[in-house]
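Chemist: Just input-v4.cif, nothing more (mmCIF, N, CA and C atoms):
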```cif
data_final
#
loop_
_atom_site.label_atom_id
_atom_site.label_comp_id
_atom_site.auth_asym_id
_atom_site.auth_seq_id
_atom_site.Cartn_x
_atom_site.Cartn_y
_atom_site.Cartn_z
N MET A 1 116.07 96.77 84.53
CA MET A 1 115.76 97.76 85.54
C MET A 1 115.39 97.06 86.84
N ILE A 2 115.99 97.46 87.95
CA ILE A 2 115.72 96.87 89.26
C ILE A 2 114.59 97.64 89.91
N ARG A 3 113.61 96.91 90.41
CA ARG A 3 112.48 97.54 91.10
C ARG A 3 112.52 97.14 92.57
N SER A 4 112.47 98.10 93.44
CA SER A 4 112.53 97.84 94.87
C SER A 4 111.21 97.28 95.38
N MET A 5 111.29 96.35 96.32
CA MET A 5 110.11 95.79 96.96
C MET A 5 109.97 96.33 98.37
N THR A 6 110.73 97.37 98.69
CA THR A 6 110.65 97.96 100.01
C THR A 6 109.52 98.99 100.03
N ALA A 7 108.60 98.81 100.99
CA ALA A 7 107.44 99.72 101.04
C ALA A 7 106.80 99.69 102.42
N PHE A 8 105.97 100.71 102.66
CA PHE A 8 105.19 100.79 103.88
C PHE A 8 103.85 101.41 103.53
N GLY A 9 102.78 100.84 104.08
CA GLY A 9 101.46 101.40 103.85
C GLY A 9 100.61 101.27 105.09
N ARG A 10 99.69 102.22 105.25
CA ARG A 10 98.80 102.19 106.42
C ARG A 10 97.44 102.74 105.99
N ALA A 11 96.39 102.05 106.45
CA ALA A 11 95.03 102.51 106.16
C ALA A 11 94.17 102.28 107.39
N SER A 12 93.20 103.17 107.61
CA SER A 12 92.30 103.06 108.76
C SER A 12 90.86 103.26 108.30
N VAL A 13 89.97 102.54 108.96
CA VAL A 13 88.54 102.69 108.75
C VAL A 13 87.91 102.87 110.12
N LYS A 14 87.10 103.91 110.27
CA LYS A 14 86.42 104.15 111.54
C LYS A 14 84.94 103.88 111.35
N GLY A 15 84.41 103.00 112.19
CA GLY A 15 82.99 102.68 112.15
C GLY A 15 82.32 103.08 113.44
N GLU A 16 81.03 102.79 113.55
CA GLU A 16 80.29 103.14 114.76
C GLU A 16 80.78 102.37 115.97
N ASP A 17 81.05 101.07 115.79
CA ASP A 17 81.40 100.25 116.95
C ASP A 17 82.85 99.79 116.97
N ARG A 18 83.63 100.02 115.90
CA ARG A 18 85.04 99.63 115.93
C ARG A 18 85.84 100.40 114.89
N ASP A 19 87.14 100.53 115.19
CA ASP A 19 88.10 101.14 114.26
C ASP A 19 89.07 100.04 113.85
N ILE A 20 89.40 99.98 112.56
CA ILE A 20 90.31 98.96 112.05
C ILE A 20 91.46 99.68 111.36
N THR A 21 92.70 99.30 111.73
CA THR A 21 93.90 99.86 111.13
C THR A 21 94.73 98.71 110.58
N VAL A 22 95.18 98.84 109.34
CA VAL A 22 96.02 97.83 108.70
C VAL A 22 97.33 98.48 108.30
N GLU A 23 98.45 97.87 108.70
CA GLU A 23 99.78 98.34 108.31
C GLU A 23 100.48 97.21 107.56
N VAL A 24 101.13 97.56 106.45
CA VAL A 24 101.87 96.58 105.66
C VAL A 24 103.28 97.12 105.45
N LYS A 25 104.28 96.31 105.79
CA LYS A 25 105.68 96.67 105.59
C LYS A 25 106.31 95.57 104.75
N SER A 26 107.16 95.94 103.81
CA SER A 26 107.87 94.92 103.02
C SER A 26 109.30 95.37 102.77
N VAL A 27 110.18 94.39 102.68
CA VAL A 27 111.58 94.63 102.33
C VAL A 27 112.00 93.60 101.29
N ASN A 28 113.04 93.94 100.54
CA ASN A 28 113.53 93.04 99.50
C ASN A 28 113.92 91.69 100.07
N SER A 29 113.62 90.65 99.33
CA SER A 29 113.99 89.29 99.73
C SER A 29 113.92 88.41 98.49
N ARG A 30 114.69 87.36 98.49
CA ARG A 30 114.67 86.43 97.34
C ARG A 30 113.43 85.57 97.35
N PHE A 31 112.85 85.35 98.53
CA PHE A 31 111.71 84.46 98.67
C PHE A 31 110.53 85.20 99.29
N PHE A 32 109.38 84.57 99.25
CA PHE A 32 108.19 85.15 99.87
C PHE A 32 108.12 84.70 101.33
N ASP A 33 108.00 85.66 102.23
CA ASP A 33 107.87 85.38 103.66
C ASP A 33 106.88 86.40 104.23
N CYS A 34 105.76 85.91 104.74
CA CYS A 34 104.72 86.81 105.23
C CYS A 34 104.41 86.52 106.69
N THR A 35 104.44 87.56 107.50
CA THR A 35 104.09 87.48 108.91
C THR A 35 102.84 88.32 109.13
N VAL A 36 101.84 87.72 109.79
CA VAL A 36 100.58 88.42 110.02
C VAL A 36 100.34 88.51 111.52
N ARG A 37 100.05 89.73 112.00
CA ARG A 37 99.69 89.94 113.41
C ARG A 37 98.25 90.39 113.46
N LEU A 38 97.44 89.60 114.17
CA LEU A 38 96.01 89.87 114.30
C LEU A 38 95.60 89.79 115.76
N PRO A 39 94.50 90.43 116.13
CA PRO A 39 93.95 90.19 117.46
C PRO A 39 93.54 88.71 117.56
N ARG A 40 93.62 88.17 118.76
CA ARG A 40 93.32 86.76 118.98
C ARG A 40 91.94 86.35 118.43
N ALA A 41 90.97 87.23 118.53
CA ALA A 41 89.62 86.91 118.07
C ALA A 41 89.55 86.73 116.56
N TYR A 42 90.54 87.26 115.83
CA TYR A 42 90.54 87.18 114.38
C TYR A 42 91.64 86.27 113.85
N SER A 43 92.25 85.45 114.68
CA SER A 43 93.37 84.61 114.26
C SER A 43 92.99 83.61 113.17
N PHE A 44 91.72 83.27 113.07
CA PHE A 44 91.28 82.33 112.04
C PHE A 44 91.48 82.89 110.63
N MET A 45 91.68 84.18 110.49
CA MET A 45 91.83 84.83 109.19
C MET A 45 93.28 84.89 108.70
N GLU A 46 94.22 84.40 109.50
CA GLU A 46 95.64 84.56 109.17
C GLU A 46 95.98 83.97 107.80
N GLU A 47 95.55 82.76 107.51
CA GLU A 47 95.88 82.12 106.24
C GLU A 47 95.25 82.85 105.06
N LYS A 48 94.04 83.37 105.23
CA LYS A 48 93.39 84.13 104.15
C LYS A 48 94.17 85.41 103.86
N VAL A 49 94.65 86.08 104.89
CA VAL A 49 95.43 87.30 104.71
C VAL A 49 96.72 86.98 103.97
N LYS A 50 97.40 85.92 104.39
CA LYS A 50 98.65 85.52 103.72
C LYS A 50 98.40 85.20 102.25
N GLY A 51 97.30 84.52 101.97
CA GLY A 51 96.97 84.18 100.59
C GLY A 51 96.74 85.41 99.73
N ARG A 52 96.05 86.41 100.29
CA ARG A 52 95.79 87.64 99.55
C ARG A 52 97.09 88.40 99.27
N VAL A 53 97.99 88.41 100.26
CA VAL A 53 99.27 89.10 100.07
C VAL A 53 100.07 88.38 98.99
N GLN A 54 100.07 87.06 99.02
CA GLN A 54 100.86 86.30 98.04
C GLN A 54 100.32 86.46 96.62
N GLN A 55 99.04 86.77 96.46
CA GLN A 55 98.49 87.05 95.13
C GLN A 55 99.10 88.32 94.54
N ALA A 56 99.47 89.26 95.40
CA ALA A 56 100.00 90.54 94.93
C ALA A 56 101.52 90.59 94.93
N VAL A 57 102.17 89.78 95.77
CA VAL A 57 103.62 89.85 95.94
C VAL A 57 104.21 88.45 95.74
N SER A 58 105.17 88.35 94.86
CA SER A 58 105.76 87.03 94.63
C SER A 58 107.01 86.79 95.47
N ARG A 59 107.76 87.84 95.77
CA ARG A 59 108.95 87.68 96.59
C ARG A 59 109.22 88.94 97.38
N ALA A 60 109.25 88.78 98.68
CA ALA A 60 109.54 89.88 99.61
C ALA A 60 109.29 89.36 101.01
N LYS A 61 109.84 90.06 101.98
CA LYS A 61 109.51 89.78 103.38
C LYS A 61 108.45 90.81 103.75
N VAL A 62 107.24 90.33 104.06
CA VAL A 62 106.10 91.20 104.29
C VAL A 62 105.58 91.01 105.72
N GLU A 63 105.34 92.12 106.40
CA GLU A 63 104.72 92.09 107.72
C GLU A 63 103.38 92.82 107.64
N VAL A 64 102.32 92.13 108.06
CA VAL A 64 100.98 92.72 108.05
C VAL A 64 100.49 92.79 109.49
N SER A 65 100.08 93.96 109.93
CA SER A 65 99.52 94.14 111.27
C SER A 65 98.10 94.66 111.13
N ILE A 66 97.16 93.98 111.78
CA ILE A 66 95.77 94.43 111.76
C ILE A 66 95.36 94.71 113.20
N ILE A 67 94.92 95.94 113.45
CA ILE A 67 94.55 96.37 114.80
C ILE A 67 93.06 96.70 114.79
N VAL A 68 92.31 96.08 115.69
CA VAL A 68 90.88 96.31 115.79
C VAL A 68 90.59 96.89 117.17
N GLU A 69 90.04 98.10 117.19
CA GLU A 69 89.64 98.73 118.44
C GLU A 69 88.13 98.69 118.52
N ASN A 70 87.62 97.93 119.49
CA ASN A 70 86.18 97.74 119.64
C ASN A 70 85.64 98.77 120.62
N HIS A 71 84.67 99.57 120.19
CA HIS A 71 84.09 100.60 121.03
C HIS A 71 82.76 100.19 121.64
N SER A 72 82.17 99.12 121.18
CA SER A 72 80.85 98.73 121.66
C SER A 72 80.90 98.07 123.04
N VAL A 73 82.07 97.67 123.50
CA VAL A 73 82.19 97.00 124.79
C VAL A 73 81.87 97.95 125.94
N GLY A 74 82.04 99.23 125.77
CA GLY A 74 81.83 100.20 126.83
C GLY A 74 80.42 100.22 127.38
N GLY A 75 79.45 99.78 126.60
CA GLY A 75 78.07 99.81 127.05
C GLY A 75 77.65 98.57 127.81
N MET A 76 78.56 97.64 128.05
CA MET A 76 78.19 96.42 128.77
C MET A 76 77.99 96.70 130.25
N ARG A 77 77.06 95.98 130.84
CA ARG A 77 76.79 96.13 132.26
C ARG A 77 77.28 94.88 132.99
N VAL A 78 78.02 95.08 134.05
CA VAL A 78 78.56 93.99 134.84
C VAL A 78 77.79 93.92 136.16
N GLU A 79 77.34 92.71 136.50
CA GLU A 79 76.63 92.51 137.76
C GLU A 79 77.31 91.40 138.56
N VAL A 80 77.27 91.53 139.88
CA VAL A 80 77.85 90.53 140.77
C VAL A 80 76.78 89.49 141.10
N ASP A 81 77.13 88.22 140.93
CA ASP A 81 76.24 87.13 141.31
C ASP A 81 76.45 86.91 142.81
N MET A 82 75.59 87.52 143.64
CA MET A 82 75.75 87.49 145.09
C MET A 82 75.68 86.07 145.65
N ALA A 83 74.82 85.21 145.09
CA ALA A 83 74.70 83.85 145.58
C ALA A 83 76.02 83.09 145.34
N LEU A 84 76.61 83.28 144.17
CA LEU A 84 77.88 82.61 143.86
C LEU A 84 79.00 83.16 144.74
N ALA A 85 79.04 84.48 144.92
CA ALA A 85 80.06 85.08 145.77
C ALA A 85 79.94 84.58 147.21
N SER A 86 78.72 84.47 147.68
CA SER A 86 78.48 83.96 149.04
C SER A 86 78.95 82.50 149.17
N ALA A 87 78.71 81.71 148.13
CA ALA A 87 79.16 80.31 148.14
C ALA A 87 80.68 80.22 148.20
N TYR A 88 81.39 81.12 147.46
CA TYR A 88 82.85 81.14 147.53
C TYR A 88 83.34 81.52 148.92
N ILE A 89 82.68 82.49 149.54
CA ILE A 89 83.07 82.92 150.87
C ILE A 89 82.87 81.78 151.88
N ASP A 90 81.74 81.07 151.77
CA ASP A 90 81.47 79.95 152.67
C ASP A 90 82.46 78.82 152.49
N ALA A 91 82.91 78.61 151.24
CA ALA A 91 83.86 77.52 150.98
C ALA A 91 85.21 77.88 151.56
#
```
Output the file's structure in the form of structure tokens.
Modeler:
Amino acid sequence: MIRSMTAFGRASVKGEDRDITVEVKSVNSRFFDCTVRLPRAYSFMEEKVKGRVQQAVSRAKVEVSIIVENHSVGGMRVEVDMALASAYIDA
């Protein structure tokens, strides 16, 4: 019996300060090939994500996209350093 490795999945978690969405797409392939797309701040996790996918899938072309929307940044206050700005103008 032939079992297809073609699939698509999506899950989202909404928190107080951020929303996380994970999408996984796979298509039939003779070998394991995993591509992971992460926000730059989370790029250190790429190998861990690939390892977890490989534990579940032995052969397929898999694309994993992780999207993080940070809501806590909106409360930041920006101030102008007038002394530094004045120094730039003088220069």
Chemist: As lines of an AutoDock Vina configuration file, please: the centre and edge lengths in Å, to one decimal, of an axis-aligned box enclosing every listed atom of region 13-30 of chain A with 5 Å added on each side.
Modeler:
```
center_x = 97.5
center_y = 94.9
center_z = 107.2
size_x = 44.4
size_y = 28.6
size_z = 29.6
```
Chemist: Kindly indicate which residue among A:Ser86, A:Val80, A:Glu69, A:Ala60 lies nearest to Glu16 (chain A), using only C-alpha atoms for the distances.
Modeler: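 Selected residue with least distance to Glu16 (chain A): A:Glu69.
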Chemist: DSSP says strand (DSSP E or B) for which residues of region 6-66 of chain A? Put them as a VMD selection string?
Modeler: chain A and resid 7 to 14 18 to 27 32 to 37 60 to 66
Chemist: So how many Å separate atom C of Leu38 (chain A) and CA of Glu79 (chain A), to one decimal?
Modeler: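 Here the two named atoms are 29.2 Å from each other.
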Chemist: What's the separation between atom C of His71 (chain A) and atom N of Ala85 (chain A), in Å to one decimal place?
Modeler: 28.3 Å
Chemist: Between A:Met45, A:Ile20, A:Cys34, A:Ile89, which has the minimum distance to Val64 (chain A) (counting only C-alpha atoms)?
Modeler: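 Checking each candidate against Val64 (chain A), we get A:Cys34 as the closest.
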Chemist: Taking only C-alpha atoms into account, which of A:Ile66, A:Leu84, A:Ala91, A:Val24 comes nearest Ala41 (chain A)?
Modeler: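 Smallest distance to Ala41 (chain A) is found for A:Ile66.
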Chemist: Translate the PyMOL selection byres ((chain A and resi 28) around 5), as applied to the file shown, into an explicit residue set as a CSV table (one decimal) with N, CA and C atoms, in the frame of the given file.
Modeler:
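Output below, filename result.csv:
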```csv
chain,number,residue,atom,x,y,z
A,5,MET,N,111.3,96.4,96.3
A,5,MET,CA,110.1,95.8,97.0
A,5,MET,C,110.0,96.3,98.4
A,6,THR,N,110.7,97.4,98.7
A,6,THR,CA,110.6,98.0,100.0
A,6,THR,C,109.5,99.0,100.0
A,26,SER,N,107.2,95.9,103.8
A,26,SER,CA,107.9,94.9,103.0
A,26,SER,C,109.3,95.4,102.8
A,27,VAL,N,110.2,94.4,102.7
A,27,VAL,CA,111.6,94.6,102.3
A,27,VAL,C,112.0,93.6,101.3
A,29,SER,N,113.6,90.6,99.3
A,29,SER,CA,114.0,89.3,99.7
A,29,SER,C,113.9,88.4,98.5
A,30,ARG,N,114.7,87.4,98.5
A,30,ARG,CA,114.7,86.4,97.3
A,30,ARG,C,113.4,85.6,97.4
A,60,ALA,N,109.2,88.8,98.7
A,60,ALA,CA,109.5,89.9,99.6
A,60,ALA,C,109.3,89.4,101.0
A,61,LYS,N,109.8,90.1,102.0
A,61,LYS,CA,109.5,89.8,103.4
A,61,LYS,C,108.4,90.8,103.8
```
Chemist: From the set A:Val22, A:Val36, A:Val13, A:Met82, which residue has the shortest atom-to-atom contact distance to Val62 (chain A), counting only C-alpha atoms?
Modeler: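 Selected residue with least distance to Val62 (chain A): A:Val36.
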Chemist: So how far away is atom N of Val78 (chain A) from atom N of Asp90 (chain A), in Å?
Modeler: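 Separating atom N of Asp90 (chain A) from atom N of Val78 (chain A) is a distance of 22.9 Å.
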Chemist: Between A:Ser43, A:Asn70, A:Ala83, A:Lys25, which has the minimum distance to Arg10 (chain A) (counting only C-alpha atoms)?
Modeler: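 With only C-alpha atoms as the atom set, the closest residue is A:Lys25.
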Chemist: Hey, what does DSSP flag as helix (DSSP H, G or I) within chain A? Can you give it to me as number ranges by chain?
Modeler: A: 40-56, 72-75, 82-90
